[in-house]
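Source file run_20.tsv; content: TSV, C-alpha atoms.
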```tsv
chain	number	residue	atom	x	y	z
A	169	MET	CA	141.06	136.06	222.55
A	170	ILE	CA	141.40	132.95	220.45
A	171	PRO	CA	145.14	132.17	220.80
A	172	LEU	CA	146.96	133.67	217.85
A	173	ARG	CA	149.14	130.58	217.56
A	174	ASN	CA	146.04	128.44	217.11
A	175	PRO	CA	147.04	126.28	214.12
A	176	VAL	CA	143.63	126.52	212.48
A	177	ALA	CA	143.60	130.31	212.81
A	178	ILE	CA	147.09	130.49	211.33
A	179	ARG	CA	146.14	128.23	208.42
A	180	LEU	CA	142.97	130.21	207.80
A	181	GLY	CA	144.90	133.47	207.81
A	182	LYS	CA	147.34	132.15	205.23
A	183	LEU	CA	144.56	130.92	202.98
A	184	ALA	CA	142.83	134.27	203.26
A	185	GLY	CA	146.02	136.17	202.55
A	186	SER	CA	146.60	134.21	199.37
A	187	GLY	CA	142.97	134.58	198.23
A	188	ARG	CA	142.33	130.85	198.03
A	189	THR	CA	139.05	129.17	197.07
A	190	GLY	CA	138.16	125.76	198.46
A	191	MET	CA	137.28	123.89	201.62
A	192	LEU	CA	139.27	123.63	204.83
A	193	TYR	CA	138.40	120.32	206.49
A	194	LEU	CA	138.93	120.02	210.23
A	195	SER	CA	139.00	116.72	212.10
A	196	GLY	CA	137.85	115.93	215.62
A	197	GLU	CA	134.67	115.35	217.57
A	198	CYS	CA	133.30	118.77	216.64
A	199	GLY	CA	135.14	118.91	213.34
A	200	GLY	CA	133.70	120.25	210.15
A	201	VAL	CA	134.53	122.42	207.19
A	202	ILE	CA	135.11	126.08	206.40
A	203	HIS	CA	134.23	127.16	202.88
A	204	LEU	CA	136.40	129.85	201.32
A	205	PHE	CA	135.94	131.88	198.15
A	206	GLU	CA	138.80	134.13	197.08
A	207	GLY	CA	140.06	134.30	200.64
A	208	ASP	CA	136.73	135.16	202.27
A	209	VAL	CA	134.71	132.76	204.40
A	210	VAL	CA	131.45	131.88	202.66
A	211	SER	CA	130.17	129.45	205.28
A	212	ALA	CA	131.25	127.04	207.98
A	213	ASP	CA	129.78	123.80	209.31
A	214	SER	CA	130.62	121.89	212.46
A	215	ARG	CA	129.32	118.63	213.88
A	216	GLY	CA	128.87	120.46	217.18
A	217	THR	CA	126.48	123.15	215.91
A	218	PRO	CA	123.21	123.12	213.93
A	219	ASP	CA	123.82	123.48	210.21
A	220	LEU	CA	122.24	126.18	208.08
A	221	ALA	CA	119.58	123.86	206.71
A	222	ALA	CA	118.40	122.99	210.24
A	223	ARG	CA	118.31	126.68	211.21
A	224	LEU	CA	116.38	127.65	208.08
A	225	ALA	CA	113.91	124.83	208.65
A	226	GLN	CA	113.37	125.95	212.24
A	227	ALA	CA	112.92	129.55	211.14
A	228	VAL	CA	110.33	128.55	208.58
A	229	VAL	CA	108.45	126.47	211.17
A	230	SER	CA	108.57	129.34	213.67
A	231	ALA	CA	107.35	131.82	211.09
A	232	GLY	CA	104.45	129.58	210.14
A	233	GLN	CA	105.05	130.15	206.45
A	234	ASP	CA	107.25	128.68	203.74
A	235	MET	CA	109.78	131.49	203.50
A	236	VAL	CA	111.84	133.87	205.61
A	237	SER	CA	112.75	137.49	205.06
A	238	SER	CA	116.06	138.40	203.47
A	239	LEU	CA	117.11	140.10	206.72
A	240	GLU	CA	116.47	136.96	208.71
A	241	ARG	CA	118.18	134.80	206.09
A	242	ASN	CA	121.22	137.08	206.21
A	243	TRP	CA	121.27	136.74	209.97
A	244	LEU	CA	120.88	132.95	209.86
A	245	ILE	CA	123.75	132.49	207.39
A	246	ARG	CA	126.10	134.71	209.36
A	247	GLU	CA	125.12	133.16	212.71
A	248	ALA	CA	125.52	129.59	211.43
A	249	THR	CA	128.97	130.45	210.06
A	250	VAL	CA	130.27	132.18	213.16
A	251	ASP	CA	128.71	129.59	215.51
A	252	ALA	CA	130.49	126.79	213.64
A	253	ALA	CA	133.74	128.73	213.28
A	254	LEU	CA	133.90	129.28	217.06
A	255	GLU	CA	133.73	125.50	217.59
A	256	LEU	CA	136.27	124.73	214.89
A	257	LEU	CA	138.78	127.38	215.95
A	258	SER	CA	138.42	126.63	219.67
A	259	ALA	CA	139.21	122.95	219.15
A	260	GLY	CA	142.37	123.69	217.19
A	261	THR	CA	142.24	120.33	215.41
A	262	ARG	CA	144.17	119.22	212.35
A	263	ALA	CA	143.22	120.93	209.11
A	264	ARG	CA	143.38	119.84	205.45
A	265	PHE	CA	142.64	122.19	202.58
A	266	ARG	CA	141.12	121.16	199.26
A	267	ALA	CA	141.20	123.82	196.60
A	268	SER	CA	138.42	124.20	194.10
A	269	GLY	CA	137.72	126.45	191.18
A	270	ASP	CA	134.04	127.02	191.99
A	271	GLU	CA	132.45	128.86	194.90
A	272	PRO	CA	131.77	126.27	197.62
A	273	GLY	CA	128.59	126.14	199.63
A	274	PRO	CA	125.03	126.92	198.65
A	275	GLY	CA	123.60	130.17	197.44
A	276	ASP	CA	125.01	133.29	195.88
A	277	ARG	CA	126.35	135.59	198.59
A	278	ASP	CA	129.33	137.65	199.63
A	279	GLY	CA	131.90	136.09	201.89
A	280	MET	CA	133.03	137.33	205.29
A	281	PRO	CA	136.64	138.56	205.43
A	282	VAL	CA	138.71	136.37	207.73
A	283	PRO	CA	139.78	139.26	210.00
A	284	VAL	CA	136.10	140.14	210.54
A	285	LEU	CA	135.31	136.51	211.31
A	286	MET	CA	138.25	136.22	213.71
A	287	THR	CA	137.19	139.39	215.55
A	288	GLU	CA	133.68	138.05	216.07
A	289	VAL	CA	134.90	134.57	217.04
A	290	SER	CA	137.34	136.08	219.55
A	291	ARG	CA	134.56	138.20	221.03
A	292	ARG	CA	132.39	135.11	221.52
A	293	TYR	CA	135.31	133.20	222.96
A	294	GLU	CA	135.62	135.90	225.64
A	295	VAL	CA	131.89	135.72	226.41
A	296	ILE	CA	132.19	131.94	226.81
A	297	ARG	CA	135.12	132.54	229.18
A	298	GLN	CA	132.94	134.88	231.26
A	299	MET	CA	130.40	132.09	231.65
A	300	SER	CA	132.89	129.26	232.14
A	301	ALA	CA	132.94	129.53	235.96
A	302	VAL	CA	129.30	128.40	235.87
A	303	LEU	CA	128.82	126.50	232.64
A	304	THR	CA	130.01	125.86	229.10
A	305	PRO	CA	128.12	124.60	226.05
A	306	ASP	CA	128.77	121.04	227.28
A	307	THR	CA	127.74	121.41	230.95
A	308	ALA	CA	124.78	119.28	231.99
A	309	VAL	CA	121.80	121.27	233.26
A	310	ALA	CA	118.33	120.27	234.40
A	311	ARG	CA	115.07	121.97	235.14
A	312	ASN	CA	114.52	122.79	238.81
A	313	PRO	CA	111.62	120.75	240.14
A	314	GLY	CA	110.47	123.13	242.86
A	315	PRO	CA	108.05	126.03	242.51
A	316	LEU	CA	109.28	129.57	242.06
A	317	SER	CA	108.85	132.02	244.89
A	318	ARG	CA	107.63	134.72	242.48
A	319	ALA	CA	106.19	135.14	238.99
A	320	ILE	CA	108.66	135.57	236.12
A	321	HIS	CA	108.03	136.43	232.52
A	322	VAL	CA	110.20	134.19	230.33
A	323	SER	CA	110.99	134.71	226.66
A	324	GLY	CA	109.98	132.32	223.91
A	325	ILE	CA	113.44	130.77	223.67
A	326	GLN	CA	113.67	130.39	227.46
A	327	TRP	CA	110.32	128.58	227.45
A	328	ALA	CA	111.51	126.31	224.64
A	329	ILE	CA	114.63	125.49	226.67
A	330	LEU	CA	112.64	124.88	229.85
A	331	ILE	CA	110.28	122.34	228.33
A	332	ARG	CA	113.22	120.40	226.87
A	333	ALA	CA	115.44	120.43	229.95
A	334	GLY	CA	113.45	117.80	231.85
A	335	ASN	CA	116.19	115.20	231.54
A	336	PRO	CA	119.72	116.48	231.99
A	337	ALA	CA	120.67	118.29	228.84
A	338	THR	CA	123.53	120.51	227.78
A	339	PRO	CA	123.27	123.89	226.09
A	340	ARG	CA	124.71	122.21	222.99
A	341	SER	CA	122.14	119.40	222.95
A	342	LEU	CA	119.35	121.92	223.47
A	343	ALA	CA	120.68	124.07	220.62
A	344	LEU	CA	120.89	121.09	218.27
A	345	GLU	CA	117.36	120.05	219.16
A	346	LEU	CA	116.02	123.58	218.71
A	347	GLY	CA	118.03	124.38	215.56
A	348	GLN	CA	119.39	127.44	217.36
A	349	SER	CA	122.87	128.84	217.84
A	350	VAL	CA	124.95	126.99	220.43
A	351	PHE	CA	126.43	130.32	221.54
A	352	THR	CA	123.13	132.12	222.17
A	353	THR	CA	121.54	129.02	223.72
A	354	THR	CA	124.44	128.82	226.18
A	355	ILE	CA	123.89	132.47	227.06
A	356	GLU	CA	120.18	131.90	227.66
A	357	VAL	CA	120.85	128.85	229.82
A	358	PHE	CA	123.42	130.86	231.81
A	359	ARG	CA	120.80	133.56	232.45
A	360	MET	CA	118.20	131.03	233.52
A	361	VAL	CA	120.34	129.55	236.30
A	362	PRO	CA	120.19	132.58	238.67
A	363	LEU	CA	116.44	132.78	237.98
A	364	ASN	CA	116.27	129.35	239.61
A	365	LEU	CA	114.70	127.90	236.46
A	366	LEU	CA	117.64	125.59	235.69
A	367	SER	CA	120.48	124.11	237.71
A	368	VAL	CA	123.88	122.79	236.79
A	369	VAL	CA	123.76	119.03	237.35
A	370	GLY	CA	125.85	118.14	240.37
A	371	ALA	CA	125.59	121.62	241.85
A	372	PRO	CA	122.86	121.92	244.49
A	373	ALA	CA	119.87	123.98	243.50
A	374	LEU	CA	119.32	126.87	245.88
A	375	PRO	CA	116.00	127.07	247.68
A	376	ALA	CA	113.67	129.61	246.11
A	377	ASP	CA	114.19	132.12	248.91
A	378	ARG	CA	117.98	131.97	248.45
A	379	ALA	CA	118.07	132.21	244.68
A	380	GLY	CA	119.61	135.65	244.85
A	381	GLU	CA	122.75	134.24	246.50
A	382	PHE	CA	123.80	132.75	243.19
A	383	ASN	CA	125.01	136.05	241.87
A	384	ARG	CA	127.20	136.95	244.82
A	385	GLY	CA	130.75	137.24	243.56
A	386	ARG	CA	129.78	135.97	240.10
A	387	PRO	CA	129.78	138.53	237.32
A	388	ALA	CA	126.98	138.71	234.78
A	389	ILE	CA	127.75	138.51	231.05
A	390	SER	CA	129.08	141.79	229.67
A	391	PHE	CA	129.52	142.23	225.93
A	392	ILE	CA	131.65	145.32	226.49
A	393	ARG	CA	134.14	143.36	228.59
A	394	ALA	CA	134.33	140.75	225.84
A	395	LEU	CA	135.77	143.21	223.35
A	396	ALA	CA	139.51	142.88	222.66
A	397	ARG	CA	141.52	145.67	224.24
B	102	MET	CA	127.52	137.79	203.22
B	103	SER	CA	124.06	138.71	201.97
B	104	ALA	CA	121.95	139.02	198.86
B	105	PHE	CA	120.49	142.20	200.36
B	106	PRO	CA	123.32	143.99	202.17
B	107	VAL	CA	122.35	145.27	205.58
B	108	GLU	CA	124.21	148.50	204.88
B	109	VAL	CA	121.80	149.18	202.01
B	110	MET	CA	118.88	148.56	204.35
B	111	LEU	CA	120.29	151.07	206.84
B	112	ALA	CA	120.84	153.85	204.27
B	113	PRO	CA	117.58	155.77	205.03
B	114	VAL	CA	118.74	156.26	208.64
B	115	ARG	CA	121.61	158.37	207.37
B	116	GLN	CA	119.11	161.12	206.50
B	117	ILE	CA	118.21	161.73	210.15
B	118	ASP	CA	119.51	165.11	211.32
B	119	GLY	CA	122.72	164.78	213.35
B	120	PHE	CA	123.45	161.25	212.13
B	121	VAL	CA	126.78	159.83	213.40
B	122	LEU	CA	126.39	156.07	213.18
B	123	ALA	CA	123.86	153.28	212.90
B	124	CYS	CA	124.19	149.57	213.35
B	125	LEU	CA	121.98	146.53	213.38
B	126	VAL	CA	122.85	144.11	216.17
B	127	ASP	CA	121.62	140.66	217.11
B	128	ALA	CA	120.29	141.32	220.63
B	129	SER	CA	120.95	137.72	221.69
B	130	SER	CA	124.59	137.39	220.65
B	131	GLY	CA	125.73	141.00	220.34
B	132	MET	CA	126.91	140.35	216.78
B	133	ILE	CA	126.88	143.36	214.47
B	134	LEU	CA	124.99	142.49	211.27
B	135	GLY	CA	125.72	145.74	209.47
B	136	SER	CA	126.65	149.33	210.13
B	137	LEU	CA	127.01	152.83	208.74
B	138	GLN	CA	129.28	155.45	210.23
B	139	ASP	CA	130.03	159.02	209.16
B	140	GLN	CA	132.69	159.75	211.79
B	141	ASP	CA	135.51	157.37	212.63
B	142	ASP	CA	136.21	158.88	216.04
B	143	MET	CA	133.45	156.87	217.73
B	144	ARG	CA	134.23	153.19	218.29
B	145	LEU	CA	131.25	151.43	216.80
B	146	PRO	CA	131.94	147.99	218.37
B	147	VAL	CA	131.95	149.59	221.82
B	148	ALA	CA	128.67	151.39	221.15
B	149	ALA	CA	127.08	148.19	219.82
B	150	ALA	CA	128.29	146.10	222.78
B	151	ALA	CA	127.07	148.71	225.25
B	152	ALA	CA	123.66	148.86	223.58
B	153	THR	CA	123.39	145.07	223.79
B	154	ASP	CA	124.32	145.13	227.48
B	155	VAL	CA	121.71	147.84	228.16
B	156	VAL	CA	118.98	145.85	226.40
B	157	SER	CA	120.03	142.70	228.22
B	158	VAL	CA	119.72	144.34	231.63
B	159	LEU	CA	116.36	145.92	230.77
B	160	SER	CA	115.05	142.58	229.50
B	161	MET	CA	116.01	141.04	232.83
B	162	MET	CA	114.09	143.84	234.52
B	163	THR	CA	110.93	143.27	232.48
B	164	GLY	CA	111.21	139.54	233.06
B	165	GLU	CA	111.42	139.98	236.82
B	166	LEU	CA	108.62	142.57	236.87
B	167	ALA	CA	106.47	139.99	235.03
B	168	THR	CA	103.98	142.56	233.75
B	169	GLY	CA	103.91	141.11	230.25
B	170	SER	CA	105.57	144.23	228.83
B	171	ASP	CA	108.71	144.24	226.74
B	172	VAL	CA	111.30	146.85	225.89
B	173	GLU	CA	110.48	148.87	222.75
B	174	ASP	CA	113.26	151.41	222.75
B	175	VAL	CA	115.85	153.14	224.93
B	176	ILE	CA	117.11	156.71	224.66
B	177	VAL	CA	120.43	157.61	226.26
B	178	THR	CA	121.20	161.34	226.51
B	179	LEU	CA	124.82	162.38	226.84
B	180	ASN	CA	126.31	165.89	226.80
B	181	SER	CA	127.22	165.64	223.13
B	182	HIS	CA	125.19	162.75	221.68
B	183	TYR	CA	121.92	160.88	221.74
B	184	HIS	CA	122.00	157.10	221.50
B	185	LEU	CA	118.68	155.66	220.39
B	186	ILE	CA	118.21	151.92	220.68
B	187	ARG	CA	115.19	150.34	219.03
B	188	LEU	CA	114.27	146.67	219.43
B	189	PHE	CA	112.29	144.82	216.82
B	190	ARG	CA	111.54	141.27	215.73
B	191	PRO	CA	112.08	140.34	212.07
B	192	GLY	CA	110.76	136.88	212.87
B	193	PRO	CA	109.46	134.76	215.76
B	194	GLY	CA	112.13	134.34	218.41
B	195	ARG	CA	114.50	136.81	216.71
B	196	ARG	CA	115.37	140.06	218.39
B	197	LEU	CA	117.44	142.67	216.64
B	198	LEU	CA	118.36	146.07	217.93
B	199	LEU	CA	118.94	149.15	215.87
B	200	LEU	CA	121.38	151.60	217.42
B	201	VAL	CA	121.44	155.14	216.03
B	202	THR	CA	123.80	157.78	217.41
B	203	LEU	CA	123.13	161.46	216.74
B	204	GLU	CA	125.03	164.68	217.36
B	205	ARG	CA	122.94	166.39	219.99
B	206	PRO	CA	123.19	169.98	218.69
B	207	GLN	CA	121.95	168.97	215.22
B	208	ALA	CA	119.34	166.43	216.22
B	209	ASN	CA	115.62	166.78	216.88
B	210	LEU	CA	115.04	163.98	219.36
B	211	ALA	CA	111.30	163.65	218.89
B	212	MET	CA	111.58	163.55	215.11
B	213	ALA	CA	114.48	161.14	215.23
B	214	HIS	CA	112.60	158.84	217.60
B	215	ARG	CA	109.63	158.75	215.26
B	216	GLU	CA	111.76	158.20	212.16
B	217	ILE	CA	113.61	155.32	213.77
B	218	ARG	CA	110.37	153.78	214.98
B	219	ASP	CA	108.89	153.95	211.49
B	220	PHE	CA	112.10	152.65	209.93
B	221	SER	CA	112.29	149.60	212.20
B	222	ALA	CA	108.63	148.86	211.44
B	223	SER	CA	109.48	148.95	207.73
B	224	LEU	CA	112.28	146.43	208.28
B	225	CYS	CA	109.74	143.98	209.65
B	226	GLY	CA	107.03	144.59	207.12
B	227	GLU	CA	108.61	145.37	203.78
B	228	GLN	CA	111.38	143.02	202.82
B	229	ASP	CA	112.29	140.73	199.99
B	230	TRP	CA	111.07	137.30	201.01
B	231	VAL	CA	113.18	134.32	200.10
B	232	ALA	CA	112.29	130.65	200.26
```
When written as structure tokens, how does the structure in this file appear?
Amino acid sequence: MIPLRNPVAIRLGKLAGSGRTGMLYLSGECGGVIHLFEGDVVSADSRGTPDLAARLAQAVVSAGQDMVSSLERNWLIREATVDAALELLSAGTRARFRASGDEPGPGDRDGMPVPVLMTEVSRRYEVIRQMSAVLTPDTAVARNPGPLSRAIHVSGIQWAILIRAGNPATPRSLALELGQSVFTTTIEVFRMVPLNLLSVVGAPALPADRAGEFNRGRPAISFIRALAR
Amino acid sequence: MSAFPVEVMLAPVRQIDGFVLACLVDASSGMILGSLQDQDDMRLPVAAAAATDVVSVLSMMTGELATGSDVEDVIVTLNSHYHLIRLFRPGPGRRLLLLVTLERPQANLAMAHREIRDFSASLCGEQDWVA
């Protein structure tokens, strides 16, 4: 769980409780802003995650046309907000609120209640904790140079990560380059390590015939275990 | 947080015989995008998380088998319920899963499977496009 005494979480809760409209600015290396409208979170941006414009641009490029479906746009807005909020709330940096009378942020959409946002952010925080024994969004990884001992079918996002991980990269740098969520990119990178496709820089890559040893004693990601009890 | 609420999109699923709950989940992150639920005694977040874990494991299986196939749907049969999980792609690189839970005594599994398949196809093909 995100610590309840996290100052940003406390401040956000108070702003939500009083139905405030405005922008909560957060300082720090991965600082940013959370946009509120009548106590609900409309959007969030962080220097450590791709912004909505970058994600929309990537989606349009991937789709090969100049528009995206409303379902996908809904998903992109929500993912960008939660991805940024996880960074901002995890850092627990100083916050400054600026009230406004107008709805902040682009577009005309409903906000996300703060308790719903906090539940999702806490869930992701627990998933990150599950992975933290191996890597975090800021762990350097590199593509394994050796051949695989067997054929593997990789997904489109895994392929995109592979071709960009030639020089040491981090899940965060890969996400920013791809215009994808830092959270889901970190998950994909985590899953690619035991497949012997990527290695954590500084940790020795296992020979292809010993790749299965990686998982001994190391749990896989479980979304059920990430739920708050 | 949407101009086209996901709950409105899911409304047709409620007509399936034996309907208990439905949710749309991002298969990559496990985030619930929207949900409908007729009975509060089933914990929807648990069902959604479990469905995401199931799909994740099966995707690992198909990756390792390297046959070029991908998961289309999963049916889990319990004493009292069916859980139907349908994967679909609203856009390149996006994978969503639709979880529908049905009361087993009231449900017709074959019909429900077909209705969910057709519904997920409609989500990909017939939507309001926005620039």
With a cut-off of 10 Å, could you pull out the residues of chain B touching chain A and give me the nearest pair of atoms for each, distance in Å to one decimal, using only C-alpha atoms, ordered by chain and ascending number, as JSON lines?
```
{"residue": "B:Met102", "atom": "CA", "partner": "A:Asp278", "partner_atom": "CA", "distance": 4.0}
{"residue": "B:Ser103", "atom": "CA", "partner": "A:Arg277", "partner_atom": "CA", "distance": 5.1}
{"residue": "B:Ala104", "atom": "CA", "partner": "A:Arg277", "partner_atom": "CA", "distance": 5.6}
{"residue": "B:Phe105", "atom": "CA", "partner": "A:Ser238", "partner_atom": "CA", "distance": 6.6}
{"residue": "B:Pro106", "atom": "CA", "partner": "A:Asn242", "partner_atom": "CA", "distance": 8.3}
{"residue": "B:Val107", "atom": "CA", "partner": "A:Leu239", "partner_atom": "CA", "distance": 7.4}
{"residue": "B:Met110", "atom": "CA", "partner": "A:Leu239", "partner_atom": "CA", "distance": 9.0}
{"residue": "B:Val126", "atom": "CA", "partner": "A:Trp243", "partner_atom": "CA", "distance": 9.8}
{"residue": "B:Asp127", "atom": "CA", "partner": "A:Trp243", "partner_atom": "CA", "distance": 8.2}
{"residue": "B:Ala128", "atom": "CA", "partner": "A:Thr352", "partner_atom": "CA", "distance": 9.8}
{"residue": "B:Ser129", "atom": "CA", "partner": "A:Thr352", "partner_atom": "CA", "distance": 6.0}
{"residue": "B:Ser130", "atom": "CA", "partner": "A:Thr352", "partner_atom": "CA", "distance": 5.7}
{"residue": "B:Gly131", "atom": "CA", "partner": "A:Phe391", "partner_atom": "CA", "distance": 6.9}
{"residue": "B:Met132", "atom": "CA", "partner": "A:Glu288", "partner_atom": "CA", "distance": 7.2}
{"residue": "B:Ile133", "atom": "CA", "partner": "A:Glu288", "partner_atom": "CA", "distance": 8.8}
{"residue": "B:Leu134", "atom": "CA", "partner": "A:Trp243", "partner_atom": "CA", "distance": 7.0}
{"residue": "B:Pro146", "atom": "CA", "partner": "A:Leu395", "partner_atom": "CA", "distance": 7.9}
{"residue": "B:Val147", "atom": "CA", "partner": "A:Ile392", "partner_atom": "CA", "distance": 6.3}
{"residue": "B:Ala148", "atom": "CA", "partner": "A:Ile392", "partner_atom": "CA", "distance": 8.6}
{"residue": "B:Ala149", "atom": "CA", "partner": "A:Ile392", "partner_atom": "CA", "distance": 8.6}
{"residue": "B:Ala150", "atom": "CA", "partner": "A:Ile392", "partner_atom": "CA", "distance": 5.1}
{"residue": "B:Ala151", "atom": "CA", "partner": "A:Ile392", "partner_atom": "CA", "distance": 5.8}
{"residue": "B:Ala152", "atom": "CA", "partner": "A:Phe391", "partner_atom": "CA", "distance": 9.2}
{"residue": "B:Thr153", "atom": "CA", "partner": "A:Phe391", "partner_atom": "CA", "distance": 7.1}
{"residue": "B:Asp154", "atom": "CA", "partner": "A:Phe391", "partner_atom": "CA", "distance": 6.2}
{"residue": "B:Val155", "atom": "CA", "partner": "A:Ser390", "partner_atom": "CA", "distance": 9.7}
{"residue": "B:Ser157", "atom": "CA", "partner": "A:Ser390", "partner_atom": "CA", "distance": 9.2}
{"residue": "B:Val158", "atom": "CA", "partner": "A:Ala388", "partner_atom": "CA", "distance": 9.7}
{"residue": "B:Ser160", "atom": "CA", "partner": "A:Ser323", "partner_atom": "CA", "distance": 9.3}
{"residue": "B:Met161", "atom": "CA", "partner": "A:Arg359", "partner_atom": "CA", "distance": 8.9}
{"residue": "B:Met162", "atom": "CA", "partner": "A:His321", "partner_atom": "CA", "distance": 9.8}
{"residue": "B:Thr163", "atom": "CA", "partner": "A:His321", "partner_atom": "CA", "distance": 7.4}
{"residue": "B:Gly164", "atom": "CA", "partner": "A:His321", "partner_atom": "CA", "distance": 4.5}
{"residue": "B:Glu165", "atom": "CA", "partner": "A:Ile320", "partner_atom": "CA", "distance": 5.2}
{"residue": "B:Leu166", "atom": "CA", "partner": "A:Ile320", "partner_atom": "CA", "distance": 7.0}
{"residue": "B:Ala167", "atom": "CA", "partner": "A:His321", "partner_atom": "CA", "distance": 4.6}
{"residue": "B:Thr168", "atom": "CA", "partner": "A:His321", "partner_atom": "CA", "distance": 7.4}
{"residue": "B:Gly169", "atom": "CA", "partner": "A:His321", "partner_atom": "CA", "distance": 6.6}
{"residue": "B:Ser170", "atom": "CA", "partner": "A:His321", "partner_atom": "CA", "distance": 9.0}
{"residue": "B:Asp171", "atom": "CA", "partner": "A:His321", "partner_atom": "CA", "distance": 9.7}
{"residue": "B:Arg190", "atom": "CA", "partner": "A:Glu240", "partner_atom": "CA", "distance": 9.6}
{"residue": "B:Pro191", "atom": "CA", "partner": "A:Glu240", "partner_atom": "CA", "distance": 6.5}
{"residue": "B:Gly192", "atom": "CA", "partner": "A:Ala231", "partner_atom": "CA", "distance": 6.4}
{"residue": "B:Pro193", "atom": "CA", "partner": "A:Ser230", "partner_atom": "CA", "distance": 5.9}
{"residue": "B:Gly194", "atom": "CA", "partner": "A:Gly324", "partner_atom": "CA", "distance": 6.2}
{"residue": "B:Arg195", "atom": "CA", "partner": "A:Glu240", "partner_atom": "CA", "distance": 8.2}
{"residue": "B:Leu197", "atom": "CA", "partner": "A:Trp243", "partner_atom": "CA", "distance": 9.7}
{"residue": "B:Leu224", "atom": "CA", "partner": "A:Leu239", "partner_atom": "CA", "distance": 8.1}
{"residue": "B:Cys225", "atom": "CA", "partner": "A:Ser237", "partner_atom": "CA", "distance": 8.5}
{"residue": "B:Gly226", "atom": "CA", "partner": "A:Ser237", "partner_atom": "CA", "distance": 9.3}
{"residue": "B:Glu227", "atom": "CA", "partner": "A:Ser237", "partner_atom": "CA", "distance": 9.0}
{"residue": "B:Gln228", "atom": "CA", "partner": "A:Ser237", "partner_atom": "CA", "distance": 6.1}
{"residue": "B:Asp229", "atom": "CA", "partner": "A:Ser238", "partner_atom": "CA", "distance": 5.6}
{"residue": "B:Trp230", "atom": "CA", "partner": "A:Ser237", "partner_atom": "CA", "distance": 4.4}
{"residue": "B:Val231", "atom": "CA", "partner": "A:Met235", "partner_atom": "CA", "distance": 5.6}
{"residue": "B:Ala232", "atom": "CA", "partner": "A:Met235", "partner_atom": "CA", "distance": 4.2}
```
note = Correct to one decimal, the distance atom CA of A:Thr217-atom CA of A:Gly181 is 22.6 Å
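Minimum atom-to-atom distances from A:Gly314, A:Gly269, A:Phe205, A:Val284 to B:Gly135 were compared using all atoms listed in the file, and the lowest value belongs to A:Val284.
If you look at atom CA of A:Ala221 and atom CA of A:Leu257, they are 21.6 Å away from each other.
The interatomic distance for the pair atom CA of B:Pro113 and atom CA of A:Val282 works out to 28.8 Å.
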inquiry  = Which residues are near B:Ser221? Cut-off 8 Å, all atoms listed in the file, ignore same chain within fewer than 4 positions. Put them as a ChimeraX atom specification.
reply    = /B:187,189,199,217,225
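Shortest separation to A:Gln226 among A:Val302, A:Leu366, A:Leu256, A:Leu346 occurs at residue A:Leu346, atoms counted being all atoms listed in the file.
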task = Please work out which residues fall within 10 Å of (122.6, 158.5, 224.4), coordinates as given in the file, with all atoms listed in the file counting, and return them as number ranges by chain.
result = B: 148, 152, 175-186, 200-205
May I have the residues within 7 Å of A:Leu365 as a compact mmCIF listing (two decimals) with C-alpha atoms, keeping the file's coordinate frame, using all atoms listed in the file and disregarding those fewer than 2 positions away in the same chain?
```
# COMPACT_ATOMS: atom_id res chain seq x y z
CA ARG A 311 115.07 121.97 235.14
CA ASN A 312 114.52 122.79 238.81
CA MET A 360 118.20 131.03 233.52
CA VAL A 361 120.34 129.55 236.30
CA LEU A 363 116.44 132.78 237.98
```
request  = Could you give me, as a PyMOL selection string, the residues within 12 Å of A:Glu255, counting only C-alpha atoms and dropping anything in the same chain fewer than 5 positions from it?
outcome  = chain A and resi 170+176-177+194-202+212-218+248-250+260-261+289-290+292-293+296+305-306+340+349-351
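Closest to A:Ala308 among A:Ser258, A:Asn174, A:Thr189, A:Ser367 is A:Ser367, based on all atoms listed in the file.
Distances here use only C-alpha atoms; by that measure, the residue among B:His214, B:Leu111, B:Ala222, B:Ile117 closest to B:Asp174 is B:His214.
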query = Within 9 Å of A:Arg188, counting all atoms listed in the file, which residues qualify if same-chain residues fewer than 2 places away don't, as a list in words?
reply = Lys182, Leu183, Ala184, Gly185, Ser186, Gly190, Leu204, Phe205, Glu206, Gly207, Asp208, Ala267 and Ser268 of chain A
Using the atoms already present, construct N, CA and C atoms for stretch 192-198 of chain B and hand them back as an mmCIF file, in the coordinates of the input.
```cif
data_model
loop_
_atom_site.group_PDB
_atom_site.id
_atom_site.type_symbol
_atom_site.label_atom_id
_atom_site.label_comp_id
_atom_site.auth_asym_id
_atom_site.auth_seq_id
_atom_site.Cartn_x
_atom_site.Cartn_y
_atom_site.Cartn_z
ATOM 1 N N GLY B 192 111.401 138.188 212.942
ATOM 2 C CA GLY B 192 110.760 136.880 212.870
ATOM 3 C C GLY B 192 110.542 136.361 214.280
ATOM 4 N N PRO B 193 109.715 135.314 214.429
ATOM 5 C CA PRO B 193 109.460 134.760 215.760
ATOM 6 C C PRO B 193 110.753 134.323 216.432
ATOM 7 N N GLY B 194 110.944 134.734 217.668
ATOM 8 C CA GLY B 194 112.130 134.340 218.410
ATOM 9 C C GLY B 194 113.375 135.117 218.075
ATOM 10 N N ARG B 195 113.318 136.012 217.067
ATOM 11 C CA ARG B 195 114.500 136.810 216.710
ATOM 12 C C ARG B 195 114.347 138.193 217.284
ATOM 13 N N ARG B 196 115.391 138.681 217.907
ATOM 14 C CA ARG B 196 115.370 140.060 218.390
ATOM 15 C C ARG B 196 116.592 140.781 217.867
ATOM 16 N N LEU B 197 116.353 141.819 217.118
ATOM 17 C CA LEU B 197 117.440 142.670 216.640
ATOM 18 C C LEU B 197 117.316 144.028 217.299
ATOM 19 N N LEU B 198 118.424 144.698 217.462
ATOM 20 C CA LEU B 198 118.360 146.070 217.930
ATOM 21 C C LEU B 198 119.045 146.985 216.929
#
```
